[in-house]
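Colleague: Structure incoming, see below.
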Amino acid sequence: MKSLILSSLVLLAASAVAAQSSTCPFNYPVNLNATQSSNGLIFTIASTNPVTNNRALQLRTNPFLDGGFFVGLDASSSVLLSNFADGGLKSQARNLFNQLYDLGPTAYLNLRDETNGTDRYTVGFANASTWPGQVDAEWYLSGGAPDGNYDLFHQEPIGIVHGFLLCVADHDLDPGPWYQLFYYTYSQIPADFPECESIGIRTTVGATIYNGECEIGGFVA
């Protein structure tokens, strides 16, 4: 009987140590401009459209920019994995051992068009030295819910309304139809963009023990 109790206590202690090694209590801040995202971040779409809602954003090769990528949804491109640090989003991939590493391209915004006071920007990834010349470090996560859910935003001046659009792509259609991600800003009345829907972009981060302390780490579902 004593040996059974001792074995149970050892098992419980081992389970507690294992649990402590992977997660820890964390009070999520409202805003974040960095995570210890050693496991990568996946960004999903929040939409009223059941076709696109909860879909994970993908990196699609940009045939017009060497080493560049569009962001959107299609039938075959890789899911975007991101390292988020100092306000910048850096794309990641996995090696043969399923370990994450930085690809090099970082997120940028490039003005696509202007319609009745609304600016629409292509969301892409590229090596910053090639385009746009420096890392865009104006990204941040906002939310801080107890479950670690956050929404992705970009810093803008006070009075500027901003958000994301997912549009039916009108170029690079040879591999098949796809949706392209855009970012938009306006100060008064938003323009209407046909074949586009207004969406949110969200991710989940999990608290992990990092260098012996409770930190925010990336979470891959």
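Chain identifiers are assigned as A, B, and so on, following the order in which chains appear in the structure tokens; residues are numbered from 1 within each chain, and ligands are numbered from 1 in order of appearance.
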Determine, using only C-alpha atoms, which residues of range 68-146 of chain A have any atom at most 8 Å from an atom of range 150-166 of chain A, and tabulate each with its shortest atom pair and distance in Å to one decimal place, rows ordered by chain and then rising number, as a Markdown table.
Modeller:
```
| residue | atom | partner | partner_atom | distance |
| --- | --- | --- | --- | --- |
| A:Gly72 | CA | A:Leu166 | CA | 7.5 |
| A:Glu138 | CA | A:Gln155 | CA | 5.2 |
| A:Trp139 | CA | A:His154 | CA | 4.5 |
| A:Tyr140 | CA | A:Phe153 | CA | 5.4 |
| A:Leu141 | CA | A:Leu152 | CA | 4.8 |
| A:Ser142 | CA | A:Tyr150 | CA | 5.3 |
| A:Gly143 | CA | A:Tyr150 | CA | 4.6 |
| A:Gly144 | CA | A:Tyr150 | CA | 6.2 |
| A:Ala145 | CA | A:Tyr150 | CA | 7.3 |
```
Colleague: Can you pull out every residue within 9 Å of range 111-120 of chain A, counting only C-alpha atoms, but drop anything in the same chain fewer than 5 positions away, and send it as a list of chain:residue names?
Modeller: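 Once the nearby chain positions are removed, what remains is A:Leu165, A:Phe182, A:Tyr183, A:Tyr184, A:Thr185, A:Tyr186, A:Ser187, A:Gln188, A:Ile189, A:Pro190, A:Ala191, A:Asp192, A:Phe193.
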Colleague: Can you check which parts of range 106-196 of chain A lie within 9 Å of range 86-90 of chain A? Per residue, the shortest pair of atoms and distance in Å to one decimal, counting only C-alpha atoms, sorted by chain and number, as CSV.
Modeller:
```
residue,atom,partner,partner_atom,distance
A:Thr106,CA,A:Lys90,CA,4.3
A:Ala107,CA,A:Leu89,CA,5.4
A:Tyr108,CA,A:Leu89,CA,8.7
A:Phe125,CA,A:Lys90,CA,8.1
A:Val135,CA,A:Gly88,CA,6.6
A:Asp136,CA,A:Gly88,CA,5.9
A:Ala137,CA,A:Gly87,CA,4.2
A:Glu138,CA,A:Gly87,CA,5.4
A:Trp139,CA,A:Gly87,CA,4.9
A:Tyr140,CA,A:Gly87,CA,5.9
```
Colleague: For Leu73 in chain A, find every residue with an atom within 7 Å (counting only C-alpha atoms), except residues of its own chain fewer than 3 positions away, and show them as a list in words.
Modeller: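 Here the answer would be Leu57, Gln58, Trp178, Tyr179 and Gln180 of chain A.
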Colleague: Could you please take those selected residues and save N, CA and C atoms as a PDB file, in the first residue's frame?
Modeller:
```pdb
ATOM      1  N   LEU A  57      -3.726  32.562 -43.046  1.00  0.00           N
ATOM      2  CA  LEU A  57      -3.090  33.305 -44.125  1.00  0.00           C
ATOM      3  C   LEU A  57      -1.897  32.529 -44.673  1.00  0.00           C
ATOM      4  N   GLN A  58      -1.664  32.703 -45.983  1.00  0.00           N
ATOM      5  CA  GLN A  58      -0.598  31.976 -46.666  1.00  0.00           C
ATOM      6  C   GLN A  58       0.363  32.947 -47.351  1.00  0.00           C
ATOM      7  N   TRP A 178      -7.454  33.163 -56.466  1.00  0.00           N
ATOM      8  CA  TRP A 178      -6.983  33.291 -55.096  1.00  0.00           C
ATOM      9  C   TRP A 178      -7.458  34.604 -54.507  1.00  0.00           C
ATOM     10  N   TYR A 179      -7.336  34.740 -53.185  1.00  0.00           N
ATOM     11  CA  TYR A 179      -7.687  35.967 -52.475  1.00  0.00           C
ATOM     12  C   TYR A 179      -6.404  36.682 -52.050  1.00  0.00           C
ATOM     13  N   GLN A 180      -6.384  38.007 -52.226  1.00  0.00           N
ATOM     14  CA  GLN A 180      -5.213  38.789 -51.843  1.00  0.00           C
ATOM     15  C   GLN A 180      -5.531  39.674 -50.643  1.00  0.00           C
TER      16      GLN A 180
END
```
Colleague: Within 12 Å of Gln99 in chain A, counting only C-alpha atoms, which residues show up once you throw out same-chain ones fewer than 2 positions away? Write them as a list in words, please.
Modeller: Ser38, Asn39, Gly40, Leu81, Gln92, Ala93, Arg94, Asn95, Leu96, Phe97, Tyr101 and Asp102 of chain A
Colleague: I need the chosen residues saved as a short mmCIF file (atom, residue, chain, number, x, y, z; two decimals), in the first residue's frame, with N, CA and C atoms.
Modeller:
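Dumped to again22.cif:
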```cif
data_model
loop_
_atom_site.label_atom_id
_atom_site.label_comp_id
_atom_site.auth_asym_id
_atom_site.auth_seq_id
_atom_site.Cartn_x
_atom_site.Cartn_y
_atom_site.Cartn_z
N SER A 38 9.27 31.26 -30.59
CA SER A 38 10.09 30.16 -31.08
C SER A 38 9.27 29.09 -31.78
N ASN A 39 7.97 29.07 -31.52
CA ASN A 39 7.09 28.11 -32.18
C ASN A 39 6.32 28.71 -33.34
N GLY A 40 6.59 29.96 -33.66
CA GLY A 40 5.93 30.60 -34.80
C GLY A 40 4.53 31.08 -34.45
N LEU A 81 4.04 31.43 -41.33
CA LEU A 81 4.53 31.33 -39.97
C LEU A 81 5.38 32.56 -39.73
N GLN A 92 8.80 32.70 -41.45
CA GLN A 92 9.56 31.53 -41.01
C GLN A 92 9.18 30.30 -41.83
N ALA A 93 10.00 29.27 -41.70
CA ALA A 93 9.73 27.97 -42.33
C ALA A 93 10.27 26.90 -41.39
N ARG A 94 10.02 25.63 -41.74
CA ARG A 94 10.50 24.51 -40.94
C ARG A 94 11.51 23.69 -41.75
N ASN A 95 12.56 23.23 -41.06
CA ASN A 95 13.56 22.40 -41.74
C ASN A 95 13.14 20.93 -41.69
N LEU A 96 14.03 20.04 -42.12
CA LEU A 96 13.71 18.62 -42.17
C LEU A 96 13.46 18.02 -40.79
N PHE A 97 13.93 18.71 -39.75
CA PHE A 97 13.73 18.24 -38.39
C PHE A 97 12.55 18.94 -37.72
N TYR A 101 12.91 28.24 -38.60
CA TYR A 101 14.02 29.15 -38.85
C TYR A 101 13.48 30.35 -39.64
N ASP A 102 14.15 31.50 -39.53
CA ASP A 102 13.72 32.71 -40.24
C ASP A 102 14.09 32.62 -41.71
#
```
Colleague: For Ile45 in chain A, please output as JSON, numbers by chain all residues within 8 Å (counting only C-alpha atoms; exclusion window: fewer than 5 positions along the same chain).
Modeller: {"A": [52, 53, 54, 55, 56, 57, 199, 200, 201, 202]}
Colleague: Residues of the last selection are to be written out with all heavy atoms, as an mmCIF file, in the first residue's frame.
Modeller:
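Resulting contents of selection_31.cif:
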```cif
data_model
loop_
_atom_site.group_PDB
_atom_site.id
_atom_site.type_symbol
_atom_site.label_atom_id
_atom_site.label_comp_id
_atom_site.auth_asym_id
_atom_site.auth_seq_id
_atom_site.Cartn_x
_atom_site.Cartn_y
_atom_site.Cartn_z
ATOM 1 N N THR A 52 -14.116 32.124 -45.973
ATOM 2 C CA THR A 52 -12.786 32.607 -45.589
ATOM 3 C C THR A 52 -12.567 32.651 -44.076
ATOM 4 O O THR A 52 -11.422 32.716 -43.630
ATOM 5 C CB THR A 52 -12.558 34.021 -46.155
ATOM 6 O OG1 THR A 52 -13.590 34.907 -45.673
ATOM 7 C CG2 THR A 52 -12.603 33.997 -47.683
ATOM 8 N N ASN A 53 -13.625 32.605 -43.286
ATOM 9 C CA ASN A 53 -13.486 32.717 -41.831
ATOM 10 C C ASN A 53 -12.634 31.578 -41.272
ATOM 11 O O ASN A 53 -12.790 30.415 -41.655
ATOM 12 C CB ASN A 53 -14.865 32.699 -41.172
ATOM 13 C CG ASN A 53 -14.792 32.955 -39.678
ATOM 14 O OD1 ASN A 53 -14.086 33.848 -39.228
ATOM 15 N ND2 ASN A 53 -15.530 32.172 -38.903
ATOM 16 N N ASN A 54 -11.715 31.946 -40.379
ATOM 17 C CA ASN A 54 -10.823 31.002 -39.696
ATOM 18 C C ASN A 54 -9.760 30.375 -40.602
ATOM 19 O O ASN A 54 -8.997 29.511 -40.147
ATOM 20 C CB ASN A 54 -11.604 29.869 -39.007
ATOM 21 C CG ASN A 54 -12.334 30.350 -37.773
ATOM 22 O OD1 ASN A 54 -11.868 31.232 -37.063
ATOM 23 N ND2 ASN A 54 -13.510 29.780 -37.521
ATOM 24 N N ARG A 55 -9.686 30.798 -41.865
ATOM 25 C CA ARG A 55 -8.622 30.315 -42.741
ATOM 26 C C ARG A 55 -7.292 30.933 -42.327
ATOM 27 O O ARG A 55 -7.222 32.104 -41.944
ATOM 28 C CB ARG A 55 -8.917 30.675 -44.201
ATOM 29 C CG ARG A 55 -10.103 29.958 -44.832
ATOM 30 C CD ARG A 55 -9.731 28.603 -45.366
ATOM 31 N NE ARG A 55 -8.674 28.656 -46.372
ATOM 32 C CZ ARG A 55 -8.879 28.885 -47.682
ATOM 33 N NH1 ARG A 55 -10.114 29.109 -48.133
ATOM 34 N NH2 ARG A 55 -7.864 28.889 -48.520
ATOM 35 N N ALA A 56 -6.230 30.177 -42.401
ATOM 36 C CA ALA A 56 -4.891 30.672 -42.068
ATOM 37 C C ALA A 56 -4.293 31.382 -43.276
ATOM 38 O O ALA A 56 -4.356 30.875 -44.409
ATOM 39 C CB ALA A 56 -4.002 29.520 -41.644
ATOM 40 N N LEU A 57 -3.726 32.562 -43.046
ATOM 41 C CA LEU A 57 -3.090 33.305 -44.125
ATOM 42 C C LEU A 57 -1.897 32.529 -44.673
ATOM 43 O O LEU A 57 -1.193 31.831 -43.941
ATOM 44 C CB LEU A 57 -2.639 34.682 -43.640
ATOM 45 C CG LEU A 57 -3.757 35.681 -43.347
ATOM 46 C CD1 LEU A 57 -3.188 36.936 -42.710
ATOM 47 C CD2 LEU A 57 -4.513 36.042 -44.630
ATOM 48 N N ILE A 199 -12.067 42.435 -43.093
ATOM 49 C CA ILE A 199 -11.789 41.308 -42.206
ATOM 50 C C ILE A 199 -10.930 41.752 -41.020
ATOM 51 O O ILE A 199 -10.369 42.846 -41.017
ATOM 52 C CB ILE A 199 -11.053 40.168 -42.946
ATOM 53 C CG1 ILE A 199 -9.680 40.664 -43.419
ATOM 54 C CG2 ILE A 199 -11.886 39.634 -44.095
ATOM 55 C CD1 ILE A 199 -8.751 39.553 -43.874
ATOM 56 N N GLY A 200 -10.844 40.902 -40.028
ATOM 57 C CA GLY A 200 -9.881 41.047 -38.961
ATOM 58 C C GLY A 200 -8.832 39.959 -39.104
ATOM 59 O O GLY A 200 -9.069 38.931 -39.746
ATOM 60 N N ILE A 201 -7.674 40.181 -38.506
ATOM 61 C CA ILE A 201 -6.607 39.182 -38.512
ATOM 62 C C ILE A 201 -6.216 38.919 -37.070
ATOM 63 O O ILE A 201 -5.929 39.845 -36.312
ATOM 64 C CB ILE A 201 -5.394 39.656 -39.325
ATOM 65 C CG1 ILE A 201 -5.794 39.827 -40.798
ATOM 66 C CG2 ILE A 201 -4.247 38.663 -39.201
ATOM 67 C CD1 ILE A 201 -4.678 40.345 -41.662
ATOM 68 N N ARG A 202 -6.210 37.659 -36.690
ATOM 69 C CA ARG A 202 -5.967 37.327 -35.292
ATOM 70 C C ARG A 202 -4.918 36.213 -35.174
ATOM 71 O O ARG A 202 -4.649 35.492 -36.136
ATOM 72 C CB ARG A 202 -7.266 36.893 -34.631
ATOM 73 C CG ARG A 202 -7.927 35.697 -35.289
ATOM 74 C CD ARG A 202 -9.369 35.546 -34.884
ATOM 75 N NE ARG A 202 -10.026 34.475 -35.633
ATOM 76 C CZ ARG A 202 -11.335 34.282 -35.663
ATOM 77 N NH1 ARG A 202 -12.135 35.091 -34.990
ATOM 78 N NH2 ARG A 202 -11.857 33.291 -36.357
#
```
Colleague: Run DSSP on the backbone and tell me which residues of range 63-198 of chain A come out as strand (DSSP E); list them as a VMD selection string.
Modeller: chain A and resid 69 to 73 78 to 79 81 to 85 88 to 94 100 to 115 118 to 126 139 to 143 149 to 154 161 to 168 179 to 186 196 to 198
Colleague: Which distance in Å separates CA of Gly148 in chain A and CA of Thr203 in chain A, to one decimal?
Modeller: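 We find that CA of Gly148 in chain A and CA of Thr203 in chain A lie 8.3 Å from each other.
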Colleague: Near Pro146 in chain A, within 12 Å and counting only C-alpha atoms, which residues show up once chain neighbours fewer than 2 positions away are dropped, as an MDAnalysis selection string?
Modeller: chainID A and resid 25:30 143:144 148:150 204:207
